[in-house]
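For reference, the structure discussed in these notes is given below.
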Amino acid sequence: MGGAGFTAAIRLVESPNYAKFSGMSIPDPKIRDTSRPVIRQLDDTAINRIAAGEVVERPASAVKELVENAIDAGATRIGIEIADGGKTLIRITDDGCGMSPEDLPLALSRHATSKIDGSDLLNIHTFGFRGEALPSLGAVGRLSITSRAEGHEAATIKVAGGKLEPVRPAALRSGTVVELSDLFYATPARLKFMRTDRAESQAISDVIKRLAMAEPSIGFTLRDVSGGGQGRVTFRADPLSGDLFDALHGRLASVLGREFAENALKIDATRDGIRLYGYAALPTYSRGAAVAQFLFVNTRPVKDKMLQGALRGAYFDFLSRDRHPVAALFIDCDPEMVDVNVHPAKSEVRFRDPGIARGLIVSALRHALAEAGHRASSTVGGATLGAMRPEQPTGSGAPRVYQMDRPSMGARGAAYAGQRPVDIPPSMGFAELSESYSGQLIDAPGPTLHTGEDIVPGAELLPLGAARGQVHENYIIAQTADGMVIVDQHAAHERLVYEKLKRQMAENGVAAQALLIPEIVELSENDSARLLEVADELAKFGLRIEPFGGGAVAVRETPAILGEVNAEAMIRDILDELDDQGSSQLVQAKVEAILSRVACHGSIRSGRRMRGEEMNALLREMEATPHSGQCNHGRPTYVELKLVDIERLFGRT
């Protein structure tokens with residue numbers, strides 16, 4: 001095209017007619033486009049209300065932020081008062097360092113904090129550090145702060161709906177009192193999402209209990225003052241001193257209950273600069289939901305999928321899928337090894353090397369469970385005693401039954417003479433009869449008691465005692481030094497065989513069967529890379545995979561013990577587990593499930609009569625085998641009853 005033609009074409013394109021006929025619209029640069037969004041700078045009130053939506057989700061979130069501030073201030077006693085589930089009143093009183101009158105307005109400014117200087121956001125040693133909680137609460141509620149620092153006069157400041165009032169003198173001996181009333185009154189829409197007063201109060205109680213576990217040296221008192229007056233104390237934990245584990249054990253006993261403290265195992269392990277400590281319950285002391293799992297990182301309560309998956313993985317061989325472990329575990333590490341600035345609520349963390357933390361939890365818990373040996377939860381015996389309690393007389397007119405007075409020696413002699421068997425000479429007393437009529441193991445036919453040879457002398461002093469008999473062809477009755485033990489012979493032997501099979505598998509490995517034609521599974525490149533990262537771990541259990549180009553993987557071998565398997569379905573299930581928990585134990589679980597079934601069929605069956613030496617041998621093997629206190633499904637294998645409790649059943653106390 002020549003120069004004249006090119007110029008004409010440009011003029012044609014620039015003409016309005018061309019735009020009209022071609023369907024194009026060429027905006028006039030002199031006319032403002034009203035359809036385009038306009039960028040505006042939000043005011044501080046709107047900013048604080050938006051921040052409040054991130055930081056303060058419900059009254060429990062406000063309590064968490066305010067109590068954490070009190071802990072950071074060095075408080076030794078913290079009082080929490082709430083009304084109507086925290087909707088109308090939250091009052092936090094502490095004996096911390098306090099604030100000066102000059103600090104109060106600054107404390108209500110956004111991103112103003114005494115916790116960090118902003119130079120290093122990884123080296124954080126306090127609960128709070130964002131400087132968002134107080135201004136956010138002041139933007140959506142009515143907030144007042146009264147504080148007194150050492151060497152300064154007490155002062156108070158108020159803010160309501162983001163409107164700040166001047167600082168005024170106040171009366172306060174020391175510390176700080178923060179009062180938040182009418183939460184979310186400035187954002188009424190948020191009130192519609194509040195739950196019932198009872199539900200909100202329960203959420204606040206859960207928050208306080210977690211913080212109380214994290215700080216055993218601090219006293220906490222939670223009081224419900226709904227309706228006015230002094231109210232009622234719903235939770236109290238006095239400050240504890242002494243050794244770390246003693247103080248923690250005492251605090252856990254007051255928060256989680258005495259039964260947890262009695263059935264918890266001490267955990268203390270260190271690896272690569274990360275320390276894990278705390279307490280984890282025996283498998284037979286479990287819950288029907290994951291509501292009693294408390295995890296802390298540098299004393300900060302967190303809810304982390306990876307850590308919860310590690311806890312579940314440590315117990316997966318000892319609990320059925322509908323049972324969940326109970327534990328309070330603390331991870332201590334250099335703050336630079338973990339990022340707590342992941343979420344505004346600071347409830348999520350991210351480890352620099354999550355594999356170390358996860359591996360430490362699994363190995364430490366499994367080591368503690370192995371050291372527990374045959375130990376089972378004490379609550380099993382308590383439940384048994386509860387089921388055995390004699391029926392009490394009913395009705396207001398029913399007479400109470402008291403134990404008879406102890407008879408005299410003469411009365412007892414006459415009673416013994418009247419009870420003496422007719423075929424025994426009168427000269428033979430009960431002392432001579434003890435050899436024949438005591439709790440010996442004898443060969444005697446009968447439907448309810450099947451016994452064997454004489455017991456080993458001194459066996460009663462062993463943990464599971466000496467076998468005295470067998471009832472209903474399934475339950476072994478053993479006598480201990482201070483009580484008795486009832487053993488489920490099938491469940492106990494099933495666990496013993498299962499542990500033996502696992503040891504053999506660990507020593508010899510899992511046999512793999514090679515596929516005649518490798519199965520190709522098409523995956524995305526990200527899924528393929530994530531799966532190949534754990535290829536070595538999967539190979540230990542007989543599942544061997546290799547890259548096949550692009551996102552595809554080739555399944556070369558599968559565990560022989562599983563027989564014919566759907567390799568693609570297994571691979572996708574493993575990927576789902578990796579997404580959910582950060583690791584996969586699917587193949588191991590499937591292999592061990594087969595071993596469990598083999599152990600079940602190869603163990604002593606219910607209905608088999610056992611000789612005395614067989615029963616005693618089973619008891620001794622249980623004492624020497626880890627995890628023998630529960631069967632493969634997490635149920636107890638034995639129940640221990642103390643003699644004093646048995647005597648109480650018969651009114652002999």
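We label chains A, B, ... in the order they appear in the structure tokens, count residues from 1 in each chain, and number ligands from 1 in the order shown.
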>> Taking 3 positions as the minimum chain separation for residues in the same chain, which residues sit within 7 Å of stretch 509-521 of chain A when counting only C-alpha atoms? Answer as a PyMOL selection string.
In response: chain A and resi 505-506+540-542+552-560+568
> Could you work out how far atom CA of A:Ala133 lies from atom CA of A:Pro101, giving the answer in Å with one decimal?
Replying inline: 19.2 Å
>> DSSP on the backbone, alpha helix (DSSP H) only: what residues of stretch 162-210 of chain A does that give? Format it as a ChimeraX atom specification.
In response: /A:188-191,197-210
>> Counting only C-alpha atoms, which residue out of A:Glu623, A:Glu179, A:Asp482, A:Asp536 sits closest to A:Thr637?
In response: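 Distance minimum relative to A:Thr637 lands on A:Glu623.
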